[in-house]
file final-v5.txt (compact mmCIF, C-alpha atoms and all ligand atoms)
# COMPACT_ATOMS: atom_id res chain seq x y z
CA MET A 283 111.77 83.54 122.98
CA LYS A 284 113.75 86.80 122.73
CA PHE A 285 112.77 88.22 119.38
CA ILE A 286 114.78 90.30 116.95
CA ASP A 287 112.23 92.96 116.18
CA LEU A 288 112.72 94.82 112.89
CA ARG A 289 109.15 96.11 112.54
CA SER A 290 109.88 99.62 113.79
CA ASP A 291 111.98 101.65 116.20
CA THR A 292 108.84 102.06 118.33
CA VAL A 293 109.46 98.55 119.65
CA THR A 294 112.51 99.66 121.63
CA MET A 295 112.27 98.56 125.24
CA PRO A 296 113.61 100.90 127.94
CA THR A 297 117.25 100.32 128.89
CA ASP A 298 118.28 99.14 132.37
CA LYS A 299 119.37 102.66 133.25
CA MET A 300 115.95 103.98 132.24
CA ARG A 301 114.22 101.41 134.41
CA GLU A 302 116.39 102.45 137.38
CA GLU A 303 115.73 106.15 136.80
CA MET A 304 112.00 105.48 136.45
CA PHE A 305 112.06 103.58 139.75
CA LYS A 306 113.78 106.46 141.53
CA ALA A 307 111.91 109.31 139.81
CA VAL A 308 110.62 112.15 141.97
CA VAL A 309 107.06 112.74 140.81
CA GLY A 310 104.01 114.87 141.50
CA ASP A 311 100.68 115.71 139.91
CA ASP A 312 101.61 117.25 136.59
CA VAL A 313 98.13 118.70 136.00
CA TYR A 314 98.92 120.94 138.99
CA GLY A 315 102.38 121.55 137.49
CA ASP A 316 103.80 119.66 140.46
CA ASP A 317 105.91 116.99 138.78
CA PRO A 318 109.56 118.08 139.01
CA THR A 319 110.74 115.41 136.59
CA ILE A 320 108.28 116.54 133.91
CA VAL A 321 109.20 120.18 134.54
CA GLU A 322 112.87 119.25 134.07
CA LEU A 323 112.10 117.26 130.91
CA GLU A 324 110.07 120.05 129.37
CA GLU A 325 112.71 122.67 130.14
CA TYR A 326 115.50 120.44 128.85
CA ALA A 327 113.57 119.57 125.69
CA ALA A 328 112.72 123.20 124.90
CA LYS A 329 116.34 124.25 125.24
CA LEU A 330 117.57 121.31 123.20
CA VAL A 331 115.50 122.30 120.17
CA GLY A 332 115.90 126.05 120.68
CA LYS A 333 112.30 126.86 121.56
CA GLU A 334 110.89 128.86 124.49
CA ALA A 335 108.76 126.09 125.96
CA ALA A 336 107.81 122.45 125.59
CA LEU A 337 105.03 120.09 126.62
CA PHE A 338 105.08 116.36 127.31
CA VAL A 339 102.34 114.54 125.39
CA PRO A 340 101.33 110.87 125.32
CA SER A 341 102.25 110.17 121.67
CA GLY A 342 103.45 111.64 118.42
CA THR A 343 99.98 111.53 116.96
CA PHE A 344 98.70 113.38 120.02
CA GLY A 345 101.42 116.03 119.63
CA ASN A 346 100.69 116.61 115.93
CA GLN A 347 96.94 116.80 116.46
CA LEU A 348 97.44 119.14 119.41
CA ALA A 349 99.61 121.35 117.20
CA LEU A 350 96.80 121.56 114.64
CA LEU A 351 94.27 122.31 117.39
CA THR A 352 96.47 125.02 118.90
CA HIS A 353 97.54 126.75 115.70
CA CYS A 354 94.22 126.63 113.85
CA LYS A 355 90.55 127.39 114.31
CA ARG A 356 87.76 125.21 112.93
CA GLY A 357 87.44 125.43 109.18
CA ASP A 358 91.02 126.53 108.62
CA GLU A 359 93.02 124.89 105.90
CA VAL A 360 96.34 123.15 106.53
CA ILE A 361 98.85 122.76 103.69
CA LEU A 362 100.89 119.56 103.83
CA GLY A 363 102.23 116.63 101.81
CA ASP A 364 99.87 113.91 100.60
CA ASP A 365 102.10 111.17 102.02
CA CYS A 366 102.76 112.68 105.44
CA HIS A 367 101.91 111.03 108.75
CA ILE A 368 99.17 113.56 109.64
CA VAL A 369 97.33 112.69 106.43
CA ALA A 370 98.07 108.99 106.15
CA HIS A 371 98.44 107.58 109.65
CA GLU A 372 96.44 109.65 112.14
CA VAL A 373 92.96 108.21 111.57
CA GLY A 374 91.63 111.40 110.01
CA GLY A 375 92.06 113.07 113.40
CA ALA A 376 92.52 116.54 111.91
CA SER A 377 88.85 116.67 110.90
CA VAL A 378 87.66 115.32 114.25
CA ILE A 379 89.83 117.18 116.76
CA ALA A 380 90.93 120.52 115.26
CA GLY A 381 88.11 120.48 112.68
CA VAL A 382 90.44 121.60 109.92
CA GLN A 383 90.56 120.85 106.23
CA LEU A 384 93.73 119.30 104.84
CA ARG A 385 95.04 120.67 101.54
CA THR A 386 97.47 118.04 100.35
CA LEU A 387 100.25 118.69 97.88
CA GLN A 388 101.98 115.94 95.98
CA SER A 389 105.30 115.41 97.69
CA ASN A 390 108.45 114.47 95.85
CA LYS A 391 109.71 111.70 98.17
CA GLY A 392 108.68 113.82 101.14
CA ILE A 393 109.88 117.13 99.72
CA LEU A 394 107.28 119.85 99.15
CA ASN A 395 107.70 122.49 96.46
CA PRO A 396 107.86 125.90 98.20
CA GLU A 397 106.44 127.68 95.14
CA GLU A 398 103.48 125.33 95.12
CA ILE A 399 102.88 125.96 98.82
CA LYS A 400 102.91 129.68 98.11
CA SER A 401 100.39 129.26 95.30
CA LYS A 402 97.99 127.41 97.62
CA ILE A 403 97.86 130.06 100.32
CA ARG A 404 94.34 131.47 100.34
CA GLU A 405 93.55 135.06 99.62
CA GLU A 406 90.72 136.82 101.38
CA ASP A 407 87.44 135.85 99.71
CA ILE A 408 84.03 135.23 101.25
CA HIS A 409 84.08 131.69 99.82
CA TYR A 410 87.53 130.61 100.91
CA PRO A 411 88.74 128.92 104.06
CA GLU A 412 91.69 130.61 105.71
CA THR A 413 95.11 129.03 105.49
CA GLY A 414 95.98 128.29 109.11
CA LEU A 415 99.12 126.20 109.01
CA ILE A 416 101.83 124.60 106.89
CA CYS A 417 103.27 121.23 107.98
CA ILE A 418 106.60 119.66 107.10
CA GLU A 419 107.84 116.19 108.09
CA ASN A 420 111.55 115.53 108.79
CA ALA A 421 112.83 112.86 108.89
CA HIS A 422 110.05 111.64 106.64
CA SER A 423 108.49 108.28 107.47
CA ASN A 424 109.63 107.14 104.01
CA GLY A 425 113.11 107.02 105.56
CA ARG A 426 114.43 110.13 103.86
CA VAL A 427 115.76 113.34 105.37
CA ILE A 428 114.47 116.60 103.90
CA PRO A 429 117.25 119.10 102.98
CA LEU A 430 117.50 122.14 105.28
CA GLU A 431 117.46 124.46 102.27
CA ASN A 432 113.95 123.24 101.41
CA MET A 433 112.74 123.74 104.98
CA LYS A 434 114.25 127.22 105.05
CA LYS A 435 112.38 128.24 101.90
CA ILE A 436 109.08 126.96 103.24
CA TYR A 437 109.57 128.68 106.58
CA LYS A 438 110.32 131.96 104.82
CA ILE A 439 107.05 131.72 102.93
CA GLY A 440 105.21 131.00 106.17
CA GLN A 441 106.76 134.05 107.78
CA LYS A 442 106.02 136.26 104.79
CA TYR A 443 102.33 135.34 104.77
CA ASN A 444 102.08 135.12 108.56
CA ILE A 445 101.22 131.42 108.52
CA PRO A 446 102.84 129.23 111.18
CA VAL A 447 104.91 126.20 110.18
CA HIS A 448 104.69 122.98 112.21
CA LEU A 449 107.37 120.34 111.92
CA ASP A 450 106.43 116.70 112.44
CA GLY A 451 109.84 115.65 113.69
CA ALA A 452 108.96 112.25 115.11
CA ARG A 453 112.55 111.26 114.18
CA ILE A 454 114.10 114.73 114.30
CA PHE A 455 117.31 113.49 115.96
CA ASN A 456 117.77 110.93 113.19
CA ALA A 457 117.40 113.78 110.71
CA ALA A 458 119.96 115.94 112.54
CA THR A 459 122.33 112.97 112.80
CA HIS A 460 122.08 112.28 109.09
CA LEU A 461 122.64 115.95 108.25
CA GLY A 462 125.54 116.16 110.71
CA VAL A 463 124.10 119.29 112.36
CA ASP A 464 122.85 120.32 115.77
CA VAL A 465 119.11 119.65 115.99
CA LYS A 466 118.50 123.41 116.38
CA GLU A 467 119.62 123.87 112.78
CA VAL A 468 116.59 121.82 111.78
CA THR A 469 114.10 123.23 114.28
CA LYS A 470 114.95 126.86 113.59
CA ASN A 471 112.97 126.46 110.38
CA CYS A 472 109.62 126.03 112.11
CA ASP A 473 107.36 127.64 114.71
CA SER A 474 106.44 124.42 116.47
CA VAL A 475 107.91 120.93 116.47
CA MET A 476 106.78 117.53 117.67
CA PHE A 477 109.30 114.79 118.33
CA CYS A 478 109.01 111.30 119.79
CA LEU A 479 110.87 109.96 122.82
CA SER A 480 109.50 106.50 122.17
CA LYS A 481 110.93 105.89 118.72
CA GLY A 482 114.49 104.67 118.68
CA LEU A 483 115.27 106.71 121.81
CA CYS A 484 113.99 103.83 123.95
CA ALA A 485 111.55 105.71 126.20
CA PRO A 486 108.47 103.58 126.82
CA VAL A 487 105.90 106.33 126.16
CA GLY A 488 105.81 109.96 125.17
CA SER A 489 106.52 112.78 122.77
CA ILE A 490 107.28 116.48 123.07
CA LEU A 491 105.59 119.47 121.48
CA ALA A 492 107.73 122.62 121.53
CA GLY A 493 107.24 126.23 120.46
CA THR A 494 106.80 129.72 121.88
CA LYS A 495 105.70 130.11 125.49
CA GLU A 496 102.38 131.51 124.33
CA PHE A 497 101.81 128.55 122.01
CA ILE A 498 102.70 125.99 124.68
CA ASP A 499 100.49 127.68 127.31
CA LYS A 500 97.59 127.36 124.90
CA ALA A 501 98.57 123.80 123.97
CA ARG A 502 98.64 122.81 127.65
CA LYS A 503 94.97 123.62 127.88
CA GLY A 504 94.29 121.83 124.59
CA ARG A 505 96.11 118.78 125.93
CA LYS A 506 93.70 118.76 128.90
CA LEU A 507 90.76 119.02 126.52
CA MET A 508 92.07 116.03 124.57
CA GLY A 509 92.29 114.02 127.77
CA GLY A 510 96.06 114.13 127.87
CA GLY A 511 96.57 115.83 131.23
CA LEU A 512 98.68 113.24 133.02
CA ARG A 513 99.25 112.94 136.76
CA GLN A 514 102.53 111.31 137.97
CA ALA A 515 103.95 111.45 134.47
CA GLY A 516 107.48 111.88 135.83
CA PHE A 517 107.94 108.11 135.76
CA LEU A 518 107.80 108.44 131.98
CA GLY A 519 109.69 111.73 132.03
CA ALA A 520 112.64 110.10 133.80
CA ALA A 521 113.08 107.76 130.85
CA GLY A 522 112.52 110.63 128.42
CA LEU A 523 115.36 112.61 129.98
CA ILE A 524 117.76 109.76 129.27
CA SER A 525 116.38 109.57 125.73
CA LEU A 526 117.27 113.21 125.14
CA LYS A 527 120.55 113.35 127.06
CA GLU A 528 122.04 110.06 125.92
CA MET A 529 120.11 108.15 123.29
CA THR A 530 120.04 111.02 120.79
CA LYS A 531 123.83 110.83 120.67
CA ARG A 532 124.09 107.22 119.49
CA LEU A 533 121.76 107.24 116.48
CA GLU A 534 124.68 107.19 114.05
CA GLU A 535 125.15 103.57 115.07
CA ASP A 536 121.60 102.70 113.99
CA HIS A 537 122.17 104.47 110.68
CA GLU A 538 125.43 102.58 110.09
CA ASN A 539 123.67 99.35 110.93
CA ALA A 540 120.88 100.12 108.47
CA LEU A 541 123.46 100.62 105.74
CA LEU A 542 125.22 97.40 106.76
CA LEU A 543 121.90 95.54 106.72
CA GLY A 544 121.12 97.00 103.29
CA GLU A 545 124.50 95.99 101.90
CA LYS A 546 124.19 92.44 103.22
CA LEU A 547 120.61 92.06 101.98
CA SER A 548 121.55 93.35 98.52
CA LYS A 549 123.99 90.42 98.13
CA ILE A 550 121.14 87.91 98.43
CA PRO A 551 119.92 86.90 94.95
CA GLY A 552 116.42 88.30 94.32
CA ILE A 553 116.66 91.13 96.83
CA GLU A 554 116.75 94.69 95.55
CA VAL A 555 117.63 97.32 98.14
CA ASN A 556 116.63 100.98 97.64
CA PHE A 557 119.95 102.43 98.78
CA GLU A 558 118.79 105.94 97.86
CA ASP A 559 116.26 105.76 100.68
CA ILE A 560 118.68 104.76 103.44
CA HIS A 561 119.20 108.09 105.17
CA ILE A 562 118.39 107.02 108.69
CA ASN A 563 117.57 103.69 110.33
CA MET A 564 115.24 102.23 107.70
CA VAL A 565 115.99 99.77 104.93
CA PHE A 566 113.47 99.41 102.09
CA PHE A 567 113.72 96.53 99.65
CA ASN A 568 111.87 94.28 97.21
CA ILE A 569 112.08 90.53 96.89
CA LYS A 570 111.75 89.41 93.27
CA ASN A 571 111.97 86.32 91.13
CA THR A 572 112.95 83.94 93.88
CA GLY A 573 109.82 81.82 93.44
CA TYR A 574 109.38 82.28 97.15
CA ASN A 575 105.93 83.15 98.50
CA ILE A 576 106.61 86.41 100.31
CA GLU A 577 103.24 86.22 102.06
CA ASN A 578 104.64 83.40 104.19
CA LEU A 579 107.72 85.31 105.20
CA VAL A 580 106.23 87.00 108.26
CA ASP A 581 105.18 83.70 109.83
CA ILE A 582 108.32 81.76 108.94
CA LEU A 583 110.68 84.44 110.23
CA TYR A 584 108.54 84.68 113.37
CA SER A 585 109.12 80.98 113.98
CA LYS A 586 112.85 81.73 113.75
CA GLY A 587 112.69 84.53 116.29
CA ILE A 588 112.46 87.49 113.89
CA LYS A 589 109.52 89.90 113.81
CA ILE A 590 108.89 91.81 110.57
CA ASN A 591 105.97 93.65 109.00
CA PRO A 592 104.37 92.32 105.82
CA PRO A 593 105.28 94.20 102.63
CA GLU A 594 103.42 97.45 101.88
CA ASN A 595 102.69 97.78 98.15
CA GLY A 596 105.31 95.12 97.58
CA VAL A 597 108.00 96.96 99.53
CA MET A 598 109.57 95.49 102.68
CA ARG A 599 110.85 97.73 105.48
CA PHE A 600 113.34 96.69 108.15
CA VAL A 601 114.16 99.18 110.90
CA THR A 602 117.33 99.19 113.02
CA HIS A 603 117.47 100.53 116.57
CA TYR A 604 119.20 100.24 119.95
CA TRP A 605 118.48 96.52 120.30
CA ILE A 606 119.59 95.53 116.80
CA THR A 607 123.26 94.65 117.00
CA LYS A 608 125.60 93.62 114.18
CA GLU A 609 125.35 89.96 115.28
CA LYS A 610 121.58 90.12 115.02
CA ILE A 611 121.87 91.63 111.56
CA SER A 612 124.07 88.68 110.50
CA TYR A 613 121.55 86.20 111.90
CA VAL A 614 118.68 87.91 110.05
CA VAL A 615 120.56 88.02 106.75
CA ASN A 616 121.72 84.40 107.02
CA THR A 617 118.22 83.24 107.89
CA LEU A 618 116.69 85.12 104.98
CA GLU A 619 119.35 83.91 102.54
CA GLU A 620 118.71 80.32 103.51
CA LEU A 621 114.94 80.69 103.11
CA LEU A 622 115.11 82.40 99.73
CA SER A 623 117.60 79.90 98.28
CA LYS A 624 115.17 77.04 98.89
C1 LIG A 701 105.49 107.60 114.34
C2 LIG A 701 105.24 108.92 113.73
C3 LIG A 701 104.28 109.78 114.30
C4 LIG A 701 103.37 109.40 115.44
O1 LIG A 701 103.94 108.93 116.57
P1 LIG A 701 103.13 107.92 117.54
O2 LIG A 701 103.85 108.08 118.83
O3 LIG A 701 103.24 106.59 116.92
O4 LIG A 701 101.71 108.41 117.61
C5 LIG A 701 104.12 111.02 113.71
N1 LIG A 701 104.86 111.39 112.65
C6 LIG A 701 105.76 110.60 112.08
C7 LIG A 701 106.55 111.08 110.91
C8 LIG A 701 105.98 109.33 112.60
O5 LIG A 701 106.88 108.53 112.01
call {"tool": "encode", "arguments": {"input": "final-v5.txt", "output": "structure tokens"}}
result
Amino acid sequence: MKFIDLRSDTVTMPTDKMREEMFKAVVGDDVYGDDPTIVELEEYAAKLVGKEAALFVPSGTFGNQLALLTHCKRGDEVILGDDCHIVAHEVGGASVIAGVQLRTLQSNKGILNPEEIKSKIREEDIHYPETGLICIENAHSNGRVIPLENMKKIYKIGQKYNIPVHLDGARIFNAATHLGVDVKEVTKNCDSVMFCLSKGLCAPVGSILAGTKEFIDKARKGRKLMGGGLRQAGFLGAAGLISLKEMTKRLEEDHENALLLGEKLSKIPGIEVNFEDIHINMVFFNIKNTGYNIENLVDILYSKGIKINPPENGVMRFVTHYWITKEKISYVVNTLEELLSK
């Protein structure tokens, strides 16, 4: 069965064009710096986000952890939001790989208070760890886009106290699309940025870490240490180039579809959509008072060709992407309406 997969935008299969480009890709051993497709991808990616250099890494988690490893030394403290991906979804990697301590601040729907960040920067004291890094996440995995003004304030503080700022921009192009700005307007407010090629941009594997040339040279060695030195990676790079050149330009469609999905879902009795949270391609909603056992929903929808995740703390999340068309949205909504009315 061909499934309609709403679990995430990581489920996006490569397009036909990507498969053709991967087939034809000119490759080499990238650990020797010999893979022309990876060299092209890294140069293109760096320019796209306005940084001096970039590095292809196997995943977003890898890129974030490599950023921590490269910016910090063991025992440093990293200031970041309590609900960010590095804290919540990276298996505690920061303590294992970079050996850093995470100082979490309560985020207001993904937004950090710049004044609070400032107040947490360590002074010199024989007892204190050193503040090594500040991290921001945009778009946030809660579906919201962080205002540029907030990023700007945080970056200014980082610069003032000489503390680098890393941006977890797994969905940076969704953020730029929502804000209606060139992606450089977002990335100019950080020293390093990680973004995913494999989320919504349809590449099968891979993320990019970008920053100064000095930072990326150091990160390249750290990537080797982490076991991420890849050989004929150009097969993946060929798909990544299409992600950056073409797929970044069509994300508005996914955002419109998310809004459409939200509007249609909200008309079903018992469904409450959090419209405030629809900034990008994610729709969050609750199902209430229908008498329907939500726990069964995953299995029943699966039997009807629809893959979804179970609710998290009672909240459902549907994600739109390249393979979710308007017809599929209608099918999903009709199927759900029928189930809930029973
Ligand atoms: C998905 C995601 C990551 C990690 O990417 P993977 O490729 O899944 O490791 C990091 N940060 C954010 C905000 C994400 O949404």
call {"tool": "atom_distance", "arguments": {"input": "final-v5.txt", "atom1": "atom CA of A:Phe344", "atom2": "atom CA of A:Leu330"}}
result
20.7 Å
call {"tool": "residues_near_ligand", "arguments": {"input": "final-v5.txt", "ligand": "ligand LIG 701 (chain A)", "cutoff": "8 Å", "atoms": "all atoms listed in the file", "output": "PyMOL selection string"}}
result
chain A and resi 292+340-346+366-368+371-372+419-423+450-453+477-478+480-481+487-489
call {"tool": "atom_distance", "arguments": {"input": "final-v5.txt", "atom1": "atom CA of A:Arg599", "atom2": "atom CA of A:His448"}}
result
26.8 Å
call {"tool": "axis_aligned_box", "arguments": {"input": "final-v5.txt", "around": "stretch 440-445 of chain A", "padding_each_side": "4 Å", "output": "JSON"}}
result
{"center_x": 104.0, "center_y": 133.6, "center_z": 106.7, "size_x": 13.5, "size_y": 13.3, "size_z": 11.8}
call {"tool": "atom_distance", "arguments": {"input": "final-v5.txt", "atom1": "atom CA of A:Gly511", "atom2": "atom CA of A:Glu334"}}
result
20.5 Å
call {"tool": "residues_around", "arguments": {"input": "final-v5.txt", "residues": "A:Leu621", "least_positions_apart": "5", "cutoff": "9 Å", "atoms": "all atoms listed in the file", "output": "PDB file with C-alpha atoms, keeping the file's coordinate frame"}}
result
ATOM      1  CA  TYR A 574     109.380  82.280  97.150  1.00  0.00           C
ATOM      2  CA  LEU A 579     107.720  85.310 105.200  1.00  0.00           C
ATOM      3  CA  ILE A 582     108.320  81.760 108.940  1.00  0.00           C
ATOM      4  CA  ASN A 616     121.720  84.400 107.020  1.00  0.00           C
TER       5      ASN A 616
END
call {"tool": "closest_residue", "arguments": {"input": "final-v5.txt", "among": "A:Arg532, A:Lys610, A:His561, A:Lys500", "to": "A:Leu350", "atoms": "all atoms listed in the file"}}
result
A:Lys500
call {"tool": "residues_near_point", "arguments": {"input": "final-v5.txt", "point": "(110.7, 98.6, 127.9)", "cutoff": "8 Å", "atoms": "only C-alpha atoms", "output": "VMD selection string"}}
result
chain A and resid 294 to 297 301 484 to 486
call {"tool": "residues_around", "arguments": {"input": "final-v5.txt", "residues": "A:Gln441", "least_positions_apart": "4", "cutoff": "12 Å", "atoms": "all atoms listed in the file", "output": "MDAnalysis selection string"}}
result
chainID A and resid 400 415:416 434:437 445:447 471:473
call {"tool": "closest_residue", "arguments": {"input": "final-v5.txt", "among": "A:Asn595, A:Arg426, A:Asp287, A:Thr319", "to": "A:Val580", "atoms": "only C-alpha atoms"}}
result
A:Asp287
call {"tool": "residues_around", "arguments": {"input": "final-v5.txt", "residues": "A:Lys391", "least_positions_apart": "2", "cutoff": "9 Å", "atoms": "only C-alpha atoms", "output": "PyMOL selection string"}}
result
chain A and resi 365+389+393-394+422+424+426+428
call {"tool": "closest_residue", "arguments": {"input": "final-v5.txt", "among": "A:Glu397, A:Glu359, A:Glu619, A:Glu431", "to": "A:Pro411", "atoms": "all atoms listed in the file"}}
result
A:Glu359
call {"tool": "closest_residue", "arguments": {"input": "final-v5.txt", "among": "A:Arg404, A:Val427, A:Glu558, A:Glu303", "to": "A:Val468", "atoms": "all atoms listed in the file"}}
result
A:Val427
call {"tool": "residues_around", "arguments": {"input": "final-v5.txt", "residues": "A:Thr352", "least_positions_apart": "4", "cutoff": "7 Å", "atoms": "all atoms listed in the file", "output": "count of residues only"}}
result
4
call {"tool": "build_atoms", "arguments": {"input": "final-v5.txt", "residues": "stretch 475-490 of chain A", "atoms": "N, CA and C atoms", "output": "mmCIF file, keeping the file's coordinate frame"}}
result
data_model
loop_
_atom_site.group_PDB
_atom_site.id
_atom_site.type_symbol
_atom_site.label_atom_id
_atom_site.label_comp_id
_atom_site.auth_asym_id
_atom_site.auth_seq_id
_atom_site.Cartn_x
_atom_site.Cartn_y
_atom_site.Cartn_z
ATOM 1 N N VAL A 475 107.373 122.236 116.867
ATOM 2 C CA VAL A 475 107.910 120.930 116.470
ATOM 3 C C VAL A 475 107.422 119.860 117.438
ATOM 4 N N MET A 476 107.094 118.706 116.872
ATOM 5 C CA MET A 476 106.780 117.530 117.670
ATOM 6 C C MET A 476 107.877 116.514 117.445
ATOM 7 N N PHE A 477 108.376 115.923 118.521
ATOM 8 C CA PHE A 477 109.300 114.790 118.330
ATOM 9 C C PHE A 477 109.016 113.702 119.352
ATOM 10 N N CYS A 478 109.349 112.469 118.972
ATOM 11 C CA CYS A 478 109.010 111.300 119.790
ATOM 12 C C CYS A 478 110.185 110.893 120.676
ATOM 13 N N LEU A 479 109.881 110.549 121.913
ATOM 14 C CA LEU A 479 110.870 109.960 122.820
ATOM 15 C C LEU A 479 110.851 108.442 122.698
ATOM 16 N N SER A 480 109.769 107.935 122.155
ATOM 17 C CA SER A 480 109.500 106.500 122.170
ATOM 18 C C SER A 480 109.884 105.787 120.889
ATOM 19 N N LYS A 481 110.555 106.517 119.994
ATOM 20 C CA LYS A 481 110.930 105.890 118.720
ATOM 21 C C LYS A 481 112.436 105.803 118.632
ATOM 22 N N GLY A 482 113.035 104.737 118.845
ATOM 23 C CA GLY A 482 114.490 104.670 118.680
ATOM 24 C C GLY A 482 115.262 105.291 119.837
ATOM 25 N N LEU A 483 114.597 106.117 120.649
ATOM 26 C CA LEU A 483 115.270 106.710 121.810
ATOM 27 C C LEU A 483 114.939 105.913 123.073
ATOM 28 N N CYS A 484 114.196 104.840 122.897
ATOM 29 C CA CYS A 484 113.990 103.830 123.950
ATOM 30 C C CYS A 484 113.035 104.193 125.085
ATOM 31 N N ALA A 485 112.525 105.410 125.149
ATOM 32 C CA ALA A 485 111.550 105.710 126.200
ATOM 33 C C ALA A 485 110.291 104.876 125.948
ATOM 34 N N PRO A 486 109.629 104.443 127.018
ATOM 35 C CA PRO A 486 108.470 103.580 126.820
ATOM 36 C C PRO A 486 107.269 104.301 126.214
ATOM 37 N N VAL A 487 107.079 105.561 126.577
ATOM 38 C CA VAL A 487 105.900 106.330 126.160
ATOM 39 C C VAL A 487 106.292 107.804 126.070
ATOM 40 N N GLY A 488 105.750 108.508 125.108
ATOM 41 C CA GLY A 488 105.810 109.960 125.170
ATOM 42 C C GLY A 488 106.459 110.667 124.002
ATOM 43 N N SER A 489 105.978 111.876 123.774
ATOM 44 C CA SER A 489 106.520 112.780 122.770
ATOM 45 C C SER A 489 106.531 114.181 123.353
ATOM 46 N N ILE A 490 107.171 115.083 122.629
ATOM 47 C CA ILE A 490 107.280 116.480 123.070
ATOM 48 C C ILE A 490 106.729 117.383 121.979
#
